[in-house]
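Student: Got protein23.cif for you, mmCIF, C-alpha atoms, pLDDT in the B column; chains and numbers go by the auth columns:
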```
data_query
#
loop_
_atom_site.group_PDB
_atom_site.id
_atom_site.type_symbol
_atom_site.label_atom_id
_atom_site.label_comp_id
_atom_site.label_asym_id
_atom_site.label_seq_id
_atom_site.Cartn_x
_atom_site.Cartn_y
_atom_site.Cartn_z
_atom_site.B_iso_or_equiv
_atom_site.auth_seq_id
_atom_site.auth_asym_id
ATOM 1 C CA SER A 1 16.548 -133.333 -223.310 58.00 1 A
ATOM 2 C CA PRO A 2 16.606 -137.094 -222.869 55.00 2 A
ATOM 3 C CA PRO A 3 13.764 -139.064 -224.464 52.00 3 A
ATOM 4 C CA PRO A 4 10.876 -140.054 -222.203 53.00 4 A
ATOM 5 C CA PRO A 5 11.071 -143.531 -220.699 52.00 5 A
ATOM 6 C CA PRO A 6 9.288 -146.206 -222.730 48.00 6 A
ATOM 7 C CA ALA A 7 5.730 -147.053 -221.736 53.00 7 A
ATOM 8 C CA VAL A 8 5.592 -149.849 -219.185 60.00 8 A
ATOM 9 C CA THR A 9 3.754 -152.793 -220.675 70.00 9 A
ATOM 10 C CA CYS A 10 0.353 -153.811 -219.290 83.00 10 A
ATOM 11 C CA GLU A 11 -1.819 -155.909 -221.577 82.00 11 A
ATOM 12 C CA CYS A 12 -5.113 -155.077 -219.841 88.00 12 A
ATOM 13 C CA ASP A 13 -7.357 -152.765 -221.849 91.00 13 A
ATOM 14 C CA THR A 14 -10.168 -152.905 -219.297 94.00 14 A
ATOM 15 C CA ILE A 15 -9.889 -153.214 -215.500 94.00 15 A
ATOM 16 C CA THR A 16 -12.726 -154.157 -213.144 94.00 16 A
ATOM 17 C CA VAL A 17 -12.593 -153.004 -209.499 94.00 17 A
ATOM 18 C CA ALA A 18 -14.994 -154.690 -207.068 92.00 18 A
ATOM 19 C CA GLY A 19 -15.439 -154.494 -203.292 92.00 19 A
ATOM 20 C CA ALA A 20 -15.817 -150.763 -202.724 89.00 20 A
ATOM 21 C CA GLU A 21 -19.523 -150.620 -203.587 87.00 21 A
ATOM 22 C CA ALA A 22 -20.593 -150.168 -199.953 85.00 22 A
ATOM 23 C CA TYR A 23 -18.647 -146.908 -199.882 87.00 23 A
ATOM 24 C CA TYR A 24 -19.274 -145.735 -203.454 84.00 24 A
ATOM 25 C CA PRO A 25 -22.526 -147.452 -204.513 82.00 25 A
ATOM 26 C CA ASP A 26 -23.184 -145.150 -207.472 78.00 26 A
ATOM 27 C CA LYS A 27 -19.750 -145.489 -209.058 83.00 27 A
ATOM 28 C CA ASP A 28 -18.899 -147.627 -212.069 82.00 28 A
ATOM 29 C CA GLY A 29 -16.138 -150.125 -211.295 89.00 29 A
ATOM 30 C CA THR A 30 -15.062 -150.653 -214.899 93.00 30 A
ATOM 31 C CA PHE A 31 -12.049 -148.683 -216.132 95.00 31 A
ATOM 32 C CA THR A 32 -10.933 -148.441 -219.743 94.00 32 A
ATOM 33 C CA ARG A 33 -7.367 -147.712 -220.762 93.00 33 A
ATOM 34 C CA LEU A 34 -6.658 -144.259 -222.178 94.00 34 A
ATOM 35 C CA SER A 35 -3.861 -143.369 -224.572 90.00 35 A
ATOM 36 C CA ILE A 36 -1.927 -141.489 -221.872 88.00 36 A
ATOM 37 C CA THR A 37 0.494 -142.562 -219.158 88.00 37 A
ATOM 38 C CA THR A 38 1.484 -141.188 -215.772 84.00 38 A
ATOM 39 C CA SER A 39 4.957 -140.059 -214.853 68.00 39 A
ATOM 40 C CA GLY A 40 5.676 -143.654 -213.927 74.00 40 A
ATOM 41 C CA GLY A 41 5.047 -144.761 -217.516 83.00 41 A
ATOM 42 C CA ARG A 42 1.967 -146.765 -216.563 91.00 42 A
ATOM 43 C CA TRP A 43 -1.321 -146.479 -218.422 92.00 43 A
ATOM 44 C CA VAL A 44 -4.146 -144.326 -217.087 95.00 44 A
ATOM 45 C CA TYR A 45 -7.631 -145.893 -216.986 95.00 45 A
ATOM 46 C CA GLN A 46 -10.954 -144.048 -216.822 95.00 46 A
ATOM 47 C CA SER A 47 -14.468 -145.096 -215.765 94.00 47 A
ATOM 48 C CA SER A 48 -17.769 -143.864 -217.189 92.00 48 A
ATOM 49 C CA ASP A 49 -18.008 -141.651 -214.073 89.00 49 A
ATOM 50 C CA SER A 50 -14.748 -139.909 -215.026 91.00 50 A
ATOM 51 C CA LEU A 51 -12.862 -141.486 -212.158 94.00 51 A
ATOM 52 C CA TYR A 52 -9.274 -142.427 -212.926 95.00 52 A
ATOM 53 C CA LEU A 53 -7.290 -145.517 -212.016 95.00 53 A
ATOM 54 C CA PHE A 54 -3.641 -144.502 -212.206 95.00 54 A
ATOM 55 C CA TYR A 55 -0.148 -145.150 -210.899 93.00 55 A
ATOM 56 C CA TRP A 56 1.347 -142.672 -208.428 93.00 56 A
ATOM 57 C CA SER A 57 5.132 -142.809 -208.621 90.00 57 A
ATOM 58 C CA PRO A 58 6.041 -141.199 -205.277 91.00 58 A
ATOM 59 C CA ALA A 59 4.113 -143.913 -203.439 90.00 59 A
ATOM 60 C CA SER A 60 4.803 -146.696 -205.965 91.00 60 A
ATOM 61 C CA ASP A 61 1.099 -147.536 -205.755 93.00 61 A
ATOM 62 C CA TRP A 62 -2.119 -147.376 -207.760 95.00 62 A
ATOM 63 C CA LEU A 63 -4.916 -144.941 -206.900 95.00 63 A
ATOM 64 C CA ILE A 64 -8.495 -144.227 -207.936 95.00 64 A
ATOM 65 C CA GLY A 65 -9.511 -140.594 -207.878 93.00 65 A
ATOM 66 C CA ASP A 66 -10.968 -137.624 -209.757 93.00 66 A
ATOM 67 C CA ASP A 67 -7.616 -136.372 -211.075 94.00 67 A
ATOM 68 C CA TYR A 68 -4.691 -138.543 -212.138 94.00 68 A
ATOM 69 C CA THR A 69 -2.221 -135.668 -211.652 93.00 69 A
ATOM 70 C CA VAL A 70 -2.645 -135.500 -207.851 93.00 70 A
ATOM 71 C CA ASP A 71 -2.605 -138.117 -205.093 92.00 71 A
ATOM 72 C CA LEU A 72 -6.127 -137.575 -203.749 92.00 72 A
ATOM 73 C CA ALA A 73 -7.781 -140.972 -203.878 92.00 73 A
ATOM 74 C CA GLY A 74 -10.867 -142.809 -202.737 93.00 74 A
ATOM 75 C CA VAL A 75 -9.272 -146.211 -203.321 95.00 75 A
ATOM 76 C CA ARG A 76 -5.603 -147.104 -203.212 95.00 76 A
ATOM 77 C CA SER A 77 -3.195 -150.005 -203.165 95.00 77 A
ATOM 78 C CA THR A 78 -0.597 -150.186 -200.416 93.00 78 A
ATOM 79 C CA SER A 79 1.730 -152.901 -201.644 88.00 79 A
ATOM 80 C CA ASP A 80 4.434 -150.461 -202.791 78.00 80 A
ATOM 81 C CA LEU A 81 5.551 -152.983 -205.404 83.00 81 A
ATOM 82 C CA SER A 82 5.861 -150.575 -208.350 85.00 82 A
ATOM 83 C CA ALA A 83 3.364 -152.885 -210.068 89.00 83 A
ATOM 84 C CA THR A 84 3.246 -152.626 -213.838 90.00 84 A
ATOM 85 C CA CYS A 85 -0.488 -153.323 -213.859 92.00 85 A
ATOM 86 C CA PRO A 86 -3.048 -152.494 -211.160 93.00 86 A
ATOM 87 C CA THR A 87 -3.942 -156.196 -211.166 93.00 87 A
ATOM 88 C CA GLU A 88 -0.470 -156.914 -209.762 92.00 88 A
ATOM 89 C CA ALA A 89 -0.868 -154.479 -206.838 93.00 89 A
ATOM 90 C CA SER A 90 -2.314 -155.568 -203.482 93.00 90 A
ATOM 91 C CA GLY A 91 -3.312 -154.266 -200.074 94.00 91 A
ATOM 92 C CA TRP A 92 -6.202 -152.294 -201.525 95.00 92 A
ATOM 93 C CA GLU A 93 -8.001 -149.868 -199.208 94.00 93 A
ATOM 94 C CA VAL A 94 -10.980 -147.545 -199.494 94.00 94 A
ATOM 95 C CA TRP A 95 -11.576 -144.127 -197.892 92.00 95 A
ATOM 96 C CA ASP A 96 -14.557 -144.455 -195.517 89.00 96 A
ATOM 97 C CA GLY A 97 -14.886 -140.739 -194.834 89.00 97 A
ATOM 98 C CA TRP A 98 -12.455 -140.768 -191.889 92.00 98 A
ATOM 99 C CA ALA A 99 -9.595 -143.010 -192.832 93.00 99 A
ATOM 100 C CA PHE A 100 -8.490 -145.658 -195.306 94.00 100 A
ATOM 101 C CA THR A 101 -9.771 -149.113 -194.439 93.00 101 A
ATOM 102 C CA SER A 102 -9.767 -152.574 -195.929 91.00 102 A
ATOM 103 C CA PRO A 103 -13.341 -153.780 -196.555 90.00 103 A
ATOM 104 C CA SER A 104 -14.202 -157.088 -194.897 87.00 104 A
ATOM 105 C CA GLY A 105 -14.568 -158.812 -198.254 88.00 105 A
ATOM 106 C CA GLY A 106 -11.501 -157.168 -199.703 92.00 106 A
ATOM 107 C CA ILE A 107 -11.150 -155.275 -202.976 93.00 107 A
ATOM 108 C CA THR A 108 -10.420 -157.200 -206.162 93.00 108 A
ATOM 109 C CA VAL A 109 -8.845 -155.628 -209.215 94.00 109 A
ATOM 110 C CA SER A 110 -8.993 -157.815 -212.295 93.00 110 A
ATOM 111 C CA CYS A 111 -8.293 -157.664 -216.000 92.00 111 A
ATOM 112 C CA THR A 112 -11.560 -157.894 -217.893 79.00 112 A
ATOM 113 C CA PRO A 113 -10.988 -160.184 -220.866 74.00 113 A
ATOM 114 C CA PRO A 114 -11.725 -158.583 -224.213 68.00 114 A
ATOM 115 C CA PRO A 115 -14.656 -159.979 -226.180 69.00 115 A
ATOM 116 C CA PRO A 116 -13.622 -162.925 -228.323 76.00 116 A
ATOM 117 C CA SER A 117 -12.586 -162.139 -231.854 74.00 117 A
ATOM 118 C CA PRO A 118 -15.119 -163.159 -234.455 72.00 118 A
ATOM 119 C CA PRO A 119 -14.241 -166.483 -236.035 66.00 119 A
ATOM 120 C CA PRO A 120 -12.554 -166.271 -239.419 61.00 120 A
ATOM 121 C CA PRO A 121 -14.817 -166.916 -242.379 58.00 121 A
ATOM 122 C CA PRO A 122 -14.876 -170.585 -243.265 53.00 122 A
ATOM 123 C CA ALA A 123 -12.706 -171.632 -246.156 56.00 123 A
ATOM 124 C CA VAL A 124 -14.755 -171.840 -249.336 62.00 124 A
ATOM 125 C CA THR A 125 -14.966 -175.480 -250.290 71.00 125 A
ATOM 126 C CA CYS A 126 -13.985 -176.703 -253.750 84.00 126 A
ATOM 127 C CA GLU A 127 -13.059 -180.348 -254.025 82.00 127 A
ATOM 128 C CA CYS A 128 -11.265 -180.037 -257.363 89.00 128 A
ATOM 129 C CA ASP A 129 -7.504 -180.412 -257.109 91.00 129 A
ATOM 130 C CA THR A 130 -7.023 -180.166 -260.878 94.00 130 A
ATOM 131 C CA ILE A 131 -9.043 -178.122 -263.385 95.00 131 A
ATOM 132 C CA THR A 132 -9.015 -178.579 -267.174 94.00 132 A
ATOM 133 C CA VAL A 133 -9.901 -175.620 -269.409 95.00 133 A
ATOM 134 C CA ALA A 134 -10.657 -176.400 -273.057 93.00 134 A
ATOM 135 C CA GLY A 135 -11.896 -174.292 -275.969 92.00 135 A
ATOM 136 C CA ALA A 136 -9.385 -171.434 -275.982 90.00 136 A
ATOM 137 C CA GLU A 137 -6.706 -173.337 -277.944 88.00 137 A
ATOM 138 C CA ALA A 138 -7.329 -171.357 -281.151 86.00 138 A
ATOM 139 C CA TYR A 139 -6.333 -168.193 -279.317 88.00 139 A
ATOM 140 C CA TYR A 140 -3.619 -169.622 -277.058 85.00 140 A
ATOM 141 C CA PRO A 141 -2.376 -172.740 -278.863 83.00 141 A
ATOM 142 C CA ASP A 142 0.840 -173.039 -276.850 80.00 142 A
ATOM 143 C CA LYS A 143 -0.758 -172.815 -273.418 84.00 143 A
ATOM 144 C CA ASP A 144 -1.396 -175.736 -271.093 82.00 144 A
ATOM 145 C CA GLY A 145 -5.056 -176.000 -270.131 90.00 145 A
ATOM 146 C CA THR A 146 -4.496 -178.015 -266.957 94.00 146 A
ATOM 147 C CA PHE A 147 -4.424 -176.112 -263.681 95.00 147 A
ATOM 148 C CA THR A 148 -3.350 -177.556 -260.316 95.00 148 A
ATOM 149 C CA ARG A 149 -4.540 -176.185 -257.006 93.00 149 A
ATOM 150 C CA LEU A 150 -2.030 -174.237 -254.929 93.00 150 A
ATOM 151 C CA SER A 151 -2.068 -173.820 -251.156 89.00 151 A
ATOM 152 C CA ILE A 152 -3.140 -170.172 -251.364 88.00 152 A
ATOM 153 C CA THR A 153 -6.470 -168.434 -251.744 86.00 153 A
ATOM 154 C CA THR A 154 -7.598 -165.115 -253.174 83.00 154 A
ATOM 155 C CA SER A 155 -9.336 -162.410 -251.158 67.00 155 A
ATOM 156 C CA GLY A 156 -12.576 -164.189 -251.965 72.00 156 A
ATOM 157 C CA GLY A 157 -11.381 -167.291 -250.097 81.00 157 A
ATOM 158 C CA ARG A 158 -11.290 -169.412 -253.249 89.00 158 A
ATOM 159 C CA TRP A 159 -8.345 -171.583 -254.210 91.00 159 A
ATOM 160 C CA VAL A 160 -5.781 -170.399 -256.741 94.00 160 A
ATOM 161 C CA TYR A 161 -4.794 -172.829 -259.511 95.00 161 A
ATOM 162 C CA GLN A 162 -1.641 -172.742 -261.637 95.00 162 A
ATOM 163 C CA SER A 163 -0.692 -174.301 -264.984 94.00 163 A
ATOM 164 C CA SER A 164 2.724 -175.510 -266.084 93.00 164 A
ATOM 165 C CA ASP A 165 3.009 -172.239 -268.061 90.00 165 A
ATOM 166 C CA SER A 166 2.662 -170.261 -264.815 91.00 166 A
ATOM 167 C CA LEU A 167 -0.772 -169.008 -265.749 94.00 167 A
ATOM 168 C CA TYR A 168 -3.224 -168.699 -262.897 95.00 168 A
ATOM 169 C CA LEU A 169 -6.879 -169.610 -262.673 95.00 169 A
ATOM 170 C CA PHE A 170 -8.299 -167.544 -259.822 94.00 170 A
ATOM 171 C CA TYR A 171 -11.392 -165.876 -258.408 93.00 171 A
ATOM 172 C CA TRP A 172 -11.665 -162.088 -258.630 92.00 172 A
ATOM 173 C CA SER A 173 -13.934 -160.772 -255.869 89.00 173 A
ATOM 174 C CA PRO A 174 -14.811 -157.328 -257.319 89.00 174 A
ATOM 175 C CA ALA A 175 -16.288 -158.979 -260.419 89.00 175 A
ATOM 176 C CA SER A 176 -17.492 -162.168 -258.655 90.00 176 A
ATOM 177 C CA ASP A 177 -15.940 -164.133 -261.503 93.00 177 A
ATOM 178 C CA TRP A 178 -13.068 -166.456 -262.341 95.00 178 A
ATOM 179 C CA LEU A 179 -10.129 -165.305 -264.486 95.00 179 A
ATOM 180 C CA ILE A 180 -7.065 -166.814 -266.137 95.00 180 A
ATOM 181 C CA GLY A 181 -4.004 -164.563 -266.286 93.00 181 A
ATOM 182 C CA ASP A 182 -0.321 -164.087 -265.471 93.00 182 A
ATOM 183 C CA ASP A 183 -0.905 -162.621 -261.986 94.00 183 A
ATOM 184 C CA TYR A 184 -3.665 -163.597 -259.552 94.00 184 A
ATOM 185 C CA THR A 185 -3.406 -160.274 -257.683 92.00 185 A
ATOM 186 C CA VAL A 186 -4.680 -158.155 -260.618 92.00 186 A
ATOM 187 C CA ASP A 187 -7.673 -158.467 -262.919 91.00 187 A
ATOM 188 C CA LEU A 188 -5.794 -158.692 -266.234 91.00 188 A
ATOM 189 C CA ALA A 189 -7.057 -161.863 -267.901 92.00 189 A
ATOM 190 C CA GLY A 190 -6.951 -163.768 -271.188 93.00 190 A
ATOM 191 C CA VAL A 191 -9.934 -165.900 -270.232 95.00 191 A
ATOM 192 C CA ARG A 192 -12.784 -165.028 -267.896 95.00 192 A
ATOM 193 C CA SER A 193 -16.193 -166.123 -266.725 95.00 193 A
ATOM 194 C CA THR A 194 -19.054 -163.635 -266.888 93.00 194 A
ATOM 195 C CA SER A 195 -21.746 -165.380 -264.850 88.00 195 A
ATOM 196 C CA ASP A 196 -21.240 -163.208 -261.749 78.00 196 A
ATOM 197 C CA LEU A 197 -22.455 -166.059 -259.574 82.00 197 A
ATOM 198 C CA SER A 198 -19.710 -165.895 -256.932 84.00 198 A
ATOM 199 C CA ALA A 199 -19.060 -169.507 -257.868 89.00 199 A
ATOM 200 C CA THR A 200 -17.181 -171.550 -255.278 89.00 200 A
ATOM 201 C CA CYS A 201 -15.418 -173.556 -258.008 91.00 201 A
ATOM 202 C CA PRO A 202 -14.505 -172.422 -261.505 93.00 202 A
ATOM 203 C CA THR A 203 -16.462 -175.432 -262.779 93.00 203 A
ATOM 204 C CA GLU A 204 -19.633 -173.771 -261.440 92.00 204 A
ATOM 205 C CA ALA A 205 -18.995 -170.513 -263.326 93.00 205 A
ATOM 206 C CA SER A 206 -20.332 -169.939 -266.841 93.00 206 A
ATOM 207 C CA GLY A 207 -20.359 -167.449 -269.692 94.00 207 A
ATOM 208 C CA TRP A 208 -16.657 -168.044 -270.363 95.00 208 A
ATOM 209 C CA GLU A 209 -14.978 -165.658 -272.834 95.00 209 A
ATOM 210 C CA VAL A 210 -11.504 -165.335 -274.333 94.00 210 A
ATOM 211 C CA TRP A 211 -9.531 -162.222 -275.270 92.00 211 A
ATOM 212 C CA ASP A 212 -8.985 -162.263 -279.065 90.00 212 A
ATOM 213 C CA GLY A 213 -6.580 -159.326 -279.108 89.00 213 A
ATOM 214 C CA TRP A 214 -9.304 -156.736 -279.485 92.00 214 A
ATOM 215 C CA ALA A 215 -12.138 -157.747 -277.217 92.00 215 A
ATOM 216 C CA PHE A 216 -13.519 -160.606 -275.175 94.00 216 A
ATOM 217 C CA THR A 217 -15.464 -163.097 -277.247 93.00 217 A
ATOM 218 C CA SER A 218 -17.160 -166.434 -276.783 92.00 218 A
ATOM 219 C CA PRO A 219 -15.595 -169.091 -279.052 90.00 219 A
ATOM 220 C CA SER A 220 -18.043 -170.860 -281.362 88.00 220 A
ATOM 221 C CA GLY A 221 -17.549 -174.159 -279.597 88.00 221 A
ATOM 222 C CA GLY A 222 -17.602 -172.581 -276.162 92.00 222 A
ATOM 223 C CA ILE A 223 -15.121 -172.954 -273.321 94.00 223 A
ATOM 224 C CA THR A 224 -15.474 -175.863 -270.933 93.00 224 A
ATOM 225 C CA VAL A 225 -14.031 -175.852 -267.438 94.00 225 A
ATOM 226 C CA SER A 226 -14.077 -179.254 -265.778 94.00 226 A
ATOM 227 C CA CYS A 227 -12.799 -181.000 -262.701 92.00 227 A
ATOM 228 C CA THR A 228 -10.163 -183.519 -263.678 77.00 228 A
ATOM 229 C CA PRO A 229 -10.826 -186.667 -261.677 70.00 229 A
ATOM 230 C CA PRO A 230 -7.941 -187.810 -259.509 64.00 230 A
ATOM 231 C CA PRO A 231 -6.160 -191.019 -260.523 63.00 231 A
ATOM 232 C CA PRO A 232 -7.864 -194.094 -259.158 71.00 232 A
ATOM 233 C CA SER A 233 -6.595 -195.413 -255.859 72.00 233 A
ATOM 234 C CA PRO A 234 -4.380 -198.496 -256.209 77.00 234 A
ATOM 235 C CA PRO A 235 -6.166 -201.745 -255.531 79.00 235 A
ATOM 236 C CA PRO A 236 -5.736 -203.172 -252.070 80.00 236 A
ATOM 237 C CA PRO A 237 -3.041 -205.835 -251.699 81.00 237 A
ATOM 238 C CA PRO A 238 -4.291 -209.364 -252.153 81.00 238 A
ATOM 239 C CA ALA A 239 -5.441 -211.054 -249.021 71.00 239 A
#
```
What is this file in C-alpha cells?

Tutor:
Amino acid sequence: SPPPPPAVTCECDTITVAGAEAYYPDKDGTFTRLSITTSGGRWVYQSSDSLYLFYWSPASDWLIGDDYTVDLAGVRSTSDLSATCPTEASGWEVWDGWAFTSPSGGITVSCTPPPPSPPPPPAVTCECDTITVAGAEAYYPDKDGTFTRLSITTSGGRWVYQSSDSLYLFYWSPASDWLIGDDYTVDLAGVRSTSDLSATCPTEASGWEVWDGWAFTSPSGGITVSCTPPPPSPPPPPA
C-alpha cells in the first residue's frame, strides 16, 4: 500500500480558544498537541477536559468535540480553507443548543507561545590569553610550556588552551580539575591539578602533579601555572 501522506506542518504546540465561554463556561480552552494526526494529516489537540480540537477533512474545517473520529462538534470553523493550523481557520461558530451561531464577540483561536527557554549559562570568565606552565621540564624536556587560548570551551565552560606541540591545557568537569594532555575530550593527562576547586582559570588551581611513568608525583620544586602578560600596547603617536 502507498505510504501515508506526510504530516502537515503546524508549529503550534498549544492552542487557546476563547469566546465560547458563555456556552461552555466549565470547559478549558487550552488545547495541547498530541502525537497523532487526523486523516487530513493535521495534528490533533486535546484539552484537560478531554475535548479535542481536530481537522475534519470532508468539511475542510476544524472542529472541537468529544471524539476526533466523528464530526460531532460544539465549536467549528466554517472557512473551508483546508487550513494547516486551526489558527489559520476563520468563521468560527458555537452550538447554542439549537443551531450553530457566531458569538457577538467572536471566537479567537491563537497559538500560545511556549515558555521562553532558560538562558544559557554565562561563559566562565578567565582573562588569560596565554598560560605558562613551568616545573615539569625534567619529565617532558622537549615540550613547550606556553599555552594559547583557543576559541572553544570544555563541557565545564572553561577555555581550552593549546601549545605549539599540540598539547592541550583544559578543564575536566568530572574531576573539577585542570589537565594537560593530547586530547581535551578525554581525561588522559601528563600533568594535572588536584585542588578540586572548580577553578575558573588554571592559574587558580593548585596541587599540580606530573606523571613520571609510574604514578603522578609532585616535583620537588613544584609546578607553577601563570598568566603570561600580554605585550604592552604601543605608545600613542606623538602629538

Student: Which residues, written as a list in words, have at least one atom at most 10 Å from Ser173 of chain A, with all atoms listed in the file counted and residues fewer than 2 positions away on the same chain left out?

Tutor: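 Non-adjacent residues within range: Thr154, Ser155, Gly156, Gly157, Arg158, Phe170, Tyr171, Ala175, Ser176, Asp177, Trp178, Asp187, Asp196 and Ser198 of chain A.
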
Student: Quick one: residues within 12 Å of (-4.6, -137.5, -204.7) (file frame), counting only C-alpha atoms, please, as JSON, numbers by chain.

Tutor: {"A": [51, 52, 53, 54, 55, 56, 57, 58, 59, 61, 62, 63, 64, 65, 66, 67, 68, 69, 70, 71, 72, 73, 74, 75, 76, 95]}

Student: Here's a test: counting all atoms listed in the file, identify every protein, DNA and RNA residue with an atom at most 6 Å from (-6.8, -165.5, -273.5) in the file's coordinate frame, and state them as a PyMOL selection string.

Tutor: chain A and resi 190-191+210-211

Student: Applied to this file, what does the PyMOL selection byres ((chain A and resi 221) around 10) return in terms of residues, put as a list in words?

Tutor: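 Selected by the PyMOL selection byres ((chain A and resi 221) around 10) here: Ala134, Gly135, Ala136, Ser218, Pro219, Ser220, Gly222, Ile223 and Thr224 of chain A.
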
Student: As an exercise, work out the distance from atom CA of Thr132 of chain A to atom CA of Pro235 of chain A in Å and give it to one decimal place.

Tutor: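 Atom-to-atom, atom CA of Thr132 of chain A and atom CA of Pro235 of chain A are spaced 26.1 Å apart.
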
Student: Show me, as AutoDock Vina command-line options, the centre and edge lengths in Å to one decimal of the axis-aligned box that covers every listed atom of segment 197-211 of chain A with 8 Å on each side.

Tutor:
```
--center_x -16.0 --center_y -168.8 --center_z -265.3 --size_x 28.9 --size_y 29.2 --size_z 36.0
```

Student: One number please: atom CA of Thr146 of chain A to atom CA of Ser166 of chain A, in Å, one decimal.

Tutor: 10.8 Å

Student: Let me know the residues the PyMOL selection byres ((chain A and resi 167) around 10) catches in the file above, as a PyMOL selection string.

Tutor: chain A and resi 143-147+161-166+168-170+180-184+189-190

Student: Nearest to Thr38 of chain A among A:Leu150, A:Ser50, A:Ser79, A:Thr84, with distances taken over only C-alpha atoms: which residue is it?

Tutor: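 Counting only C-alpha atoms, the residue closest to Thr38 of chain A is A:Thr84.
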
Student: Please compute the atom CA of Ala18 of chain A-atom CA of Thr30 of chain A distance, one decimal, in Å.

Tutor: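 Between these atoms lies a distance of 8.8 Å.
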
Student: Applied to the shown file, which residues does the PyMOL selection byres ((chain A and resi 15) around 9) return, written as a PyMOL selection string?

Tutor: chain A and resi 12-14+16-17+29-33+45+53+86-87+109-113

Student: Write a file of the just-selected residues containing C-alpha atoms, as a tab-separated table (two decimals), in the frame of the given file.

Tutor:
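Listing of out36.tsv after writing:
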```tsv
chain	number	residue	atom	x	y	z
A	12	CYS	CA	-5.11	-155.08	-219.84
A	13	ASP	CA	-7.36	-152.76	-221.85
A	14	THR	CA	-10.17	-152.90	-219.30
A	16	THR	CA	-12.73	-154.16	-213.14
A	17	VAL	CA	-12.59	-153.00	-209.50
A	29	GLY	CA	-16.14	-150.12	-211.30
A	30	THR	CA	-15.06	-150.65	-214.90
A	31	PHE	CA	-12.05	-148.68	-216.13
A	32	THR	CA	-10.93	-148.44	-219.74
A	33	ARG	CA	-7.37	-147.71	-220.76
A	45	TYR	CA	-7.63	-145.89	-216.99
A	53	LEU	CA	-7.29	-145.52	-212.02
A	86	PRO	CA	-3.05	-152.49	-211.16
A	87	THR	CA	-3.94	-156.20	-211.17
A	109	VAL	CA	-8.85	-155.63	-209.22
A	110	SER	CA	-8.99	-157.82	-212.30
A	111	CYS	CA	-8.29	-157.66	-216.00
A	112	THR	CA	-11.56	-157.89	-217.89
A	113	PRO	CA	-10.99	-160.18	-220.87
```

Student: Using only C-alpha atoms, can you tell me which of A:Pro238, A:Asp212, A:Cys10, A:Asp28 comes closest to Glu137 of chain A?

Tutor: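 Between A:Pro238, A:Asp212, A:Cys10, A:Asp28, the residue approaching Glu137 of chain A most closely is A:Asp212.
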
Student: Here is a test: counting only C-alpha atoms, which residue of A:Ser90, A:Thr78, A:Thr125, A:Thr101 is nearest to Pro202 of chain A?

Tutor: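 With only C-alpha atoms as the atom set, the closest residue is A:Thr125.
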
Student: Within 7 Å of Ser60 of chain A, counting all atoms listed in the file, which residues show up once you throw out same-chain ones fewer than 6 positions away? Write them as a list in words, please.

Tutor: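 The residues satisfying every condition are Asp80, Leu81 and Ser82 of chain A.
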